[in-house]
Each structure stands twice: as structure tokens, then as C-alpha cells.
Amino acid sequence: MNETIATDRTKRNADNLELSGKGGLEARDLHAWFGTHHALADVSLHFPERTVTGLIGPSGCGKSTFLRLLNRMHEFIPKSAMAGEVLFNGDDIYAPGVNPTEIRKRIGMVFQKPNPFPAMTIGENVLAGVKLAKIKVENKDDLMEESLTRAGLWKEVRDRLNAAGGSLSGGQQQRLCIARALAMKPEALLLDEPCSALDPISTLRVEETIVQLSETMTIVIVTHNMQQAARVSDYCAFFLSNGGPGRLVEADLTNNIFNNPRDSRTADYVQGRFG
Amino acid sequence: MNFTLASEFESVPHAEPRQPWKNTKLTILRSVFSFTVAAVLAALIAQVTPLAGRLGWFVAMAFTFPAVMAVVAYKRGSRAMADQMVTGIVLIGFTSVMIPWVSIVATVISRGLKAFYVGFLTTDMLVNQPDDPLNMGGVSHAIVGTLIQVLLASVVAVPLGIIAAIYIVEIRGRGAGVVRFFTQAMSGVPSIVAGLFVYATVVVTITHKFNAVAGALALAILMLPTVARTAEEVLKVVSDDLRASSQALGASQVATTFRVVLPTIRSGLITAAVLGVARVAGETAPLLLTSQYFVKFNTNIFDGPMASLPTYIFSSLGVGTDNSVARAWAASAVLLTLIFILFTIARLFGGRNRKSH
Ligand SMILES: Nc1ncnc2c1ncn2[C@@H]1O[C@H](COP(=O)(O)OP(=O)(O)O)[C@@H](O)[C@H]1O
Ligand SMILES: [Mg+2]
């Protein structure tokens, strides 16, 4: 195994974590609809600053929907609706007058399938957000290097920044997408099953990246990989749907979710007994 | 932290769905307010400057509306101001594009209504002259003739066009480049040349008479490139993963194309057909050389001229009296309505691409 992932986060001491606090992201009584289909109900969750939270649960229980509500991506789906509040550093991102593109700049997102922009080189991909959002940057080369370094990709691509983004391996492409998100200097990062299309080595590299990033930002990661949740997350939230809307069953320190869950369904799920 | 008890799981707490990203009443009110202020300002400007009349007011409005929109957003920051100004410019642009379109339709409909009575749709011109009073005679023969000829043309051109696109995109045959070149070149053929071509090859040498099939062939020649090019563009959008997934199940290329690819782009193919119909439904010149015009419905599509709405309009205009020109307007309105109905039907039956669950 990779040496650099030394900390199994389940063994992190709860005392070191700030359990409450104004910062970070917070969902309050959040609901989501697709047309009349009630997809997610009554989720309240707090993601403290500089922590990693893993969202786990079977497919279709609303994890992606929840994630997309956190940076105002849900509204792109026609006829979608929501209820509740999402607080970012204390402010409701759904309040009237809030500019959704501004929110998406501050809360980055990485998707399941690596999707570098095909018409851009590796370097252009990293700076794509900066360019598309017309953000002024003093030194683009520095930003590019810094983003790629933080995404753990710099050493591998520094000699081929002008190659097409699609010429990288899947794992490298995903880290390129993370670098692309990081170049926006987001305060939070949402990752939707970022490793499900990657090989184990690339997965470890991405996990390493996530752990490093959590020193400076709030991270929420959806994963189907229990070991991954255990390796990277400080907190875990277990979602479930019984045919109706997806619900939050339980959220706690990752250690508690895995070793001492309060709900029997959580125990069944993390031990692979159903789902 | 949070914990939902198992017993609570069944009862979903009530919540009212909302869409905070939609325009609120306040923003709509703001726009209405901005519009009113800008309209008054524009009227004032039109008064004191050489800008005159309704057009002058509209030109002034093109400046005052975005400006007022921006000023109203002043309190919400420069980004909101820019956003509102662009919204204003877009609305003005939209309106200036819509004005000619609406006025064409309005003119055709209002002039057409003057010569319109219910019998216009049910009678033909067998016993009437184009100059007769406007409460007799009609275009039933021309409506049926247009429907028949456009339908026949579609039956030929839509499948052929789609097959050409399949050949270019799916089969990627050796002649793909040539086929693409010729379909592209065909789209530049003037419609009267298509008519002349069918006149020379079909009417003169085979049938020796004007007939509806010849008319439909001429229309098909004009329709084919539109359908083929559109279908090709739509086919190109289908991802190769989809084809690979089907082929990996052991599906043949034919099965993949017809059972997976084409159903995926059904609404795109309907758009291709609709664009093709739109291209030819109003064509007059090719029909004058092939199916000509006749005062009543012709039941034989192979023998003798057949009326159509464009040739009816053409012949009525040619007579040139008040009543015959009024008839031409009414027939134009009927043609517009007919095309609109055809498109609506096409959209209703094929608009939905994805199956909803
Ligand atoms: N674009 C959509 N339109 C309609 N329903 C959707 C859409 N996306 C997701 N859903 C529904 O919302 C529910 C939750 O889906 P999702 O959030 O993708 O689950 P997960 O990510 O946990 O697998 C599912 O029942 C799914 O069918
Ligand atoms: Mg998902």
C-alpha cells in the first residue's frame, strides 16, 4: 500500500475535530423534487470547515441529488424543486439575490466520469475555469503549477502541458479535473464518486490528494467504497431510501459509523449485509 | 450529530417545494417598472429629437430600456447591473426579431380573412372564376393536392435522406465522401432547375402529361439534401460508446443502427423531416413545370395536372383583379396554417425522445 496514507481516519481522535461552528457548509431540512417525484427528504447535516465527510448509501438514495443541492447544480434539471436551506459560512445560498455562478465558483465539484474538455490541452484544462469565469490571475503559470501540484499531478504532466487532456490515463484525467476545480480556489469541494472509474493506484493518489486538500477546505465525497470512506473521511453520513424519498439515516464520526453505529441498517450496510 | 430513528423513517415531514432560482414576483415587478419608465423616457426623447413615430420610439427604447434596467439594479452591485443591462438588450433584440415575423403572419392572416368563408375550405374552383365574389369557390382541391404532393415527396426523400446519412456516418462506406459532396451540392440546386429536370426526364419523355407524381419528384429532389444533411448532423452526435455497447451484446451493425441508434435520435430525425417539408411546402416554380394547376381535384396522381396551394396562389395573383388577389391572400393564410398544423402533429407524435419512467 501507499505509505503516504498513514492516517486511517477512523482512528482520528474526536477531540481534535471541531464538531460545531459557524463555518463550512450546512444543510437544513433539505428536500429535493424532480417534477412530482420526491427524491430527497428532510436532510440536515453540517460539514465543518477543513473536514472530509463521506456520503454513503445504496444507489438511488439521493446522494448525488443532495450533493448537487449544495452548490446550486440541482436547478439545471427542468421542473426540479427544493425546500429547506443550505448555509455556506452562515449564509443561505438559496436566498434571493444570491448569484448561483458565484456559489459554484466557491464550491467546486468533481464528477464520477473524468471529463477533461476535449478541445483543450492539459494546461488549458487546468485554467479553463479561470478563463470561462473571466477571473483575473496575476501569474497563470504559477496557478497552473500550484493546482496541478495540489492535485498530485504536476510531476507527471509538467513536460506535456500542451498535450490533449484526453491523452492522459483515466486516473490522471480525474486528477486533472480536480486540478481544474482547484484552480478556482474553491472553499469547498464536492466529489461524486470520483474514484469509481479508476484503478486502485490512481484511487490512492486521489485519496491522498483529498486528505491533503482537507487541510484547507471543506470536502464532501460520495463513495461506494467503504474502505475509501474509512480512509479519507472524518465524518460519514448514511443515506437510504425505502422506495420513497431518500433520507439521512445517521451521520457521525466515521469511527462511530463503522464501529459503533446507532442504527441497525447502518451496521448492515457498512458490513456489506445489504444494499 | 444527526440521527433519524427507524420508526420515523416512514413518515416524511411535510415541506413545500420551491424554486428559488425562478424569477420572483419582485424581479418581474422590477422589469415591468423599468419597462414603464423606459417607455415614458423613450417617448420624451422621441418628442425632442428628430426620431419620429412608433419606429423612433422603438429606437429610443433600445437605449433607454437596458439603461433603466441597469439603474434599477444599482443597489445590488455592478454584476447585477451588467446582468440586468444585458437582459434588457436581449429583450430588445428579441422584440426586433419578432416584429417582422409577427407582422408577416399578421398581414397574411388579416388579409386572408377578408376573402375567407367556411366554404373556402370545402369547395373548388370548377364552376367559379378567380374574379367571382368572395363567397363562392375555394381551395379544397389545392389543399388536398399540396398534402398529396408533399406527402409523396416525403415518402421518397425522408427515407432516402436518412439512408444517405446512415451510409455516411454509420457505414462509412468508400463512397461516403462522394455522397456527402453530392448532397451538399444538391442543396444549391435552384428549385426551378429541379422542376426543369423532372419536366425533361419525366413529363416530356415518359408521362407526356403534367401529373402529381412528377411534382412530388421535383419536391423530393429539393427535400433530399435538407433531410440528409440534418440527419447526418444528428447521427454524428450519438456517442460511440452507445454503438459499442450494442455491438458488445452481439448486435449486428444493422440491428445497432435501427434498434439502438435511430430510436435514440428519433426527435432529431423528425426535425430533419420537418425541415425538409418546410423547405418544399411553399415551392411554386418546380410545380408549375411538373404538376401545373387545375381547377378541381384530380383523383389520378399519374395522369393530368394537380392543383396545389402555391400554384393556386400564383394563378390567382396572375389574374390580378381585387377579388382574385384577395383569394391569393386567403390561400396563403391557409398554406401557413397547414404547415403549422403539420409541424405541430410531427412534434406531438415524435417530440419526446426519452422515455419517461
Ligand atoms: N435528472 C433526474 N430526473 C428525474 N429523476 C432523477 C434525476 N436524477 C435522479 N433522479 C431520481 O432521484 C433519486 C436519487 O437519485 P441520485 O441522487 O442520483 O441517487 P444516488 O446518487 O444516491 O445514486 C432516484 O430515485 C432517481 O431516479
Ligand atoms: Mg449518484
# chains A, B, ... in the order shown; residues from 1 in each chain; ligands from 1
>>> residues_near_ligand(ligand="ligand 2", cutoff="7 Å", atoms="only C-alpha atoms and all ligand atoms", output="list in words")
Ser59, Gly60, Lys63, Ser64 and Asp192 of chain A
>>> residues_around(residues="Leu196 in chain B", least_positions_apart="2", cutoff="9 Å", atoms="only C-alpha atoms", output="list in words")
Ser191, Ile192, Val193, Ala194, Val198, Tyr199, Ala200, Thr201, Ala218, Pro286, Leu289 and Thr290 of chain B
>>> residues_near_ligand(ligand="ligand 1", cutoff="10 Å", atoms="only C-alpha atoms and all ligand atoms", output="JSON, numbers by chain")
{"A": [32, 33, 34, 35, 36, 37, 38, 39, 40, 55, 56, 57, 58, 59, 60, 61, 62, 63, 64, 65, 66, 67, 68, 69, 74, 76, 77, 78, 79, 80, 192, 193, 222, 223, 224, 239, 240, 241, 243, 244, 245, 246], "B": [356, 357]}
>>> write_last_selection(atoms="N, CA and C atoms", output="short mmCIF file (atom, residue, chain, number, x, y, z; two decimals), in the first residue's frame")
data_model
loop_
_atom_site.label_atom_id
_atom_site.label_comp_id
_atom_site.auth_asym_id
_atom_site.auth_seq_id
_atom_site.Cartn_x
_atom_site.Cartn_y
_atom_site.Cartn_z
N ALA A 32 -35.64 17.54 -1.99
CA ALA A 32 -35.48 17.75 -3.43
C ALA A 32 -36.57 17.01 -4.18
N TRP A 33 -37.04 17.64 -5.25
CA TRP A 33 -38.03 17.02 -6.13
C TRP A 33 -37.54 17.05 -7.56
N PHE A 34 -37.90 16.01 -8.31
CA PHE A 34 -37.80 16.05 -9.77
C PHE A 34 -39.22 15.99 -10.28
N GLY A 35 -39.76 17.12 -10.72
CA GLY A 35 -41.19 17.16 -11.03
C GLY A 35 -41.95 16.86 -9.75
N THR A 36 -42.81 15.82 -9.81
CA THR A 36 -43.56 15.47 -8.60
C THR A 36 -42.85 14.39 -7.80
N HIS A 37 -41.75 13.87 -8.35
CA HIS A 37 -41.01 12.79 -7.67
C HIS A 37 -40.18 13.36 -6.53
N HIS A 38 -40.56 12.99 -5.33
CA HIS A 38 -39.86 13.46 -4.14
C HIS A 38 -38.61 12.60 -3.96
N ALA A 39 -37.43 13.13 -4.29
CA ALA A 39 -36.23 12.31 -4.35
C ALA A 39 -35.43 12.32 -3.06
N LEU A 40 -35.58 13.37 -2.28
CA LEU A 40 -34.76 13.51 -1.08
C LEU A 40 -35.59 14.26 -0.04
N LEU A 55 -20.32 10.55 2.01
CA LEU A 55 -21.74 10.21 1.90
C LEU A 55 -21.83 8.79 1.39
N ILE A 56 -22.47 7.93 2.14
CA ILE A 56 -22.58 6.54 1.70
C ILE A 56 -24.05 6.13 1.66
N GLY A 57 -24.31 5.06 0.93
CA GLY A 57 -25.67 4.57 0.81
C GLY A 57 -25.87 3.93 -0.54
N PRO A 58 -26.88 3.07 -0.66
CA PRO A 58 -27.10 2.37 -1.93
C PRO A 58 -27.44 3.33 -3.07
N SER A 59 -27.31 2.86 -4.30
CA SER A 59 -27.63 3.69 -5.47
C SER A 59 -29.08 4.15 -5.41
N GLY A 60 -29.30 5.37 -5.84
CA GLY A 60 -30.67 5.87 -5.94
C GLY A 60 -31.21 6.43 -4.64
N CYS A 61 -30.39 6.54 -3.60
CA CYS A 61 -30.91 7.05 -2.34
C CYS A 61 -30.75 8.56 -2.24
N GLY A 62 -30.28 9.19 -3.31
CA GLY A 62 -30.30 10.65 -3.34
C GLY A 62 -28.98 11.33 -2.99
N LYS A 63 -27.89 10.59 -2.98
CA LYS A 63 -26.60 11.19 -2.63
C LYS A 63 -26.20 12.25 -3.65
N SER A 64 -26.28 11.90 -4.94
CA SER A 64 -25.90 12.89 -5.96
C SER A 64 -26.83 14.09 -5.92
N THR A 65 -28.11 13.82 -5.75
CA THR A 65 -29.08 14.92 -5.69
C THR A 65 -28.73 15.86 -4.54
N PHE A 66 -28.42 15.27 -3.39
CA PHE A 66 -28.04 16.07 -2.22
C PHE A 66 -26.80 16.92 -2.53
N LEU A 67 -25.80 16.26 -3.13
CA LEU A 67 -24.55 16.96 -3.44
C LEU A 67 -24.80 18.14 -4.37
N ARG A 68 -25.67 17.90 -5.38
CA ARG A 68 -25.93 18.95 -6.36
C ARG A 68 -26.73 20.11 -5.76
N LEU A 69 -27.46 19.81 -4.67
CA LEU A 69 -28.17 20.91 -3.99
C LEU A 69 -27.19 21.83 -3.28
N HIS A 74 -28.57 21.57 -8.82
CA HIS A 74 -29.85 20.87 -8.93
C HIS A 74 -30.81 21.59 -9.87
N PHE A 76 -30.49 22.99 -12.57
CA PHE A 76 -30.34 22.83 -14.02
C PHE A 76 -31.30 21.79 -14.57
N ILE A 77 -31.83 20.95 -13.69
CA ILE A 77 -32.76 19.93 -14.17
C ILE A 77 -34.15 20.54 -14.26
N PRO A 78 -34.76 20.47 -15.47
CA PRO A 78 -36.06 21.10 -15.65
C PRO A 78 -37.08 20.55 -14.64
N LYS A 79 -37.93 21.39 -14.17
CA LYS A 79 -39.01 21.03 -13.26
C LYS A 79 -38.52 20.57 -11.88
N SER A 80 -37.27 20.81 -11.57
CA SER A 80 -36.81 20.41 -10.26
C SER A 80 -37.25 21.46 -9.24
N ASP A 192 -18.34 13.51 -6.47
CA ASP A 192 -19.37 12.49 -6.64
C ASP A 192 -18.74 11.22 -7.19
N GLU A 193 -18.50 10.26 -6.35
CA GLU A 193 -17.86 9.00 -6.72
C GLU A 193 -16.65 9.24 -7.62
N VAL A 222 -18.94 11.52 -2.17
CA VAL A 222 -19.84 10.38 -2.28
C VAL A 222 -18.99 9.18 -2.66
N THR A 223 -19.16 8.08 -1.96
CA THR A 223 -18.38 6.91 -2.34
C THR A 223 -19.14 5.63 -2.05
N HIS A 224 -18.91 4.63 -2.88
CA HIS A 224 -19.49 3.30 -2.65
C HIS A 224 -18.45 2.38 -2.04
N PHE A 239 -27.18 7.43 3.88
CA PHE A 239 -28.47 7.73 3.27
C PHE A 239 -29.16 6.43 2.89
N LEU A 240 -30.47 6.46 2.87
CA LEU A 240 -31.22 5.26 2.49
C LEU A 240 -32.59 5.68 1.97
N SER A 241 -33.08 4.89 1.02
CA SER A 241 -34.44 5.12 0.55
C SER A 241 -35.18 3.79 0.65
N GLY A 243 -37.86 3.11 -1.03
CA GLY A 243 -38.82 3.24 -2.13
C GLY A 243 -39.35 4.66 -2.20
N GLY A 244 -39.45 5.32 -1.08
CA GLY A 244 -39.86 6.72 -1.04
C GLY A 244 -38.66 7.61 -1.24
N PRO A 245 -38.74 8.85 -0.80
CA PRO A 245 -37.60 9.75 -0.94
C PRO A 245 -36.40 9.28 -0.12
N GLY A 246 -35.21 9.61 -0.59
CA GLY A 246 -34.00 9.28 0.15
C GLY A 246 -33.97 10.06 1.46
N SER B 356 -40.15 8.51 -20.53
CA SER B 356 -40.23 8.90 -19.12
C SER B 356 -40.69 7.69 -18.31
N HIS B 357 -40.17 7.62 -17.09
CA HIS B 357 -40.49 6.43 -16.31
C HIS B 357 -41.71 6.66 -15.44
#
>>> atom_distance(atom1="CA of Ala330 in chain B", atom2="CA of Ser291 in chain B")
21.7 Å
>>> residues_around(residues="range 214-218 of chain A", least_positions_apart="2", cutoff="6 Å", atoms="only C-alpha atoms", output="list in words")
Glu49, Arg50, Thr51, Glu187, Ala188, Val211 and Gln212 of chain A
>>> write_last_selection(atoms="C-alpha atoms", output="JSON list (two decimals), in the first residue's frame")
[["chain", "number", "residue", "atom", "x", "y", "z"],
["A", 49, "GLU", "CA", -14.61, 23.61, 7.80],
["A", 50, "ARG", "CA", -11.49, 21.63, 6.93],
["A", 51, "THR", "CA", -13.10, 18.24, 7.32],
["A", 187, "GLU", "CA", -13.57, 26.99, -0.32],
["A", 188, "ALA", "CA", -15.30, 23.64, -0.56],
["A", 211, "VAL", "CA", -6.61, 14.25, 2.56],
["A", 212, "GLN", "CA", -4.10, 16.99, 1.76]]
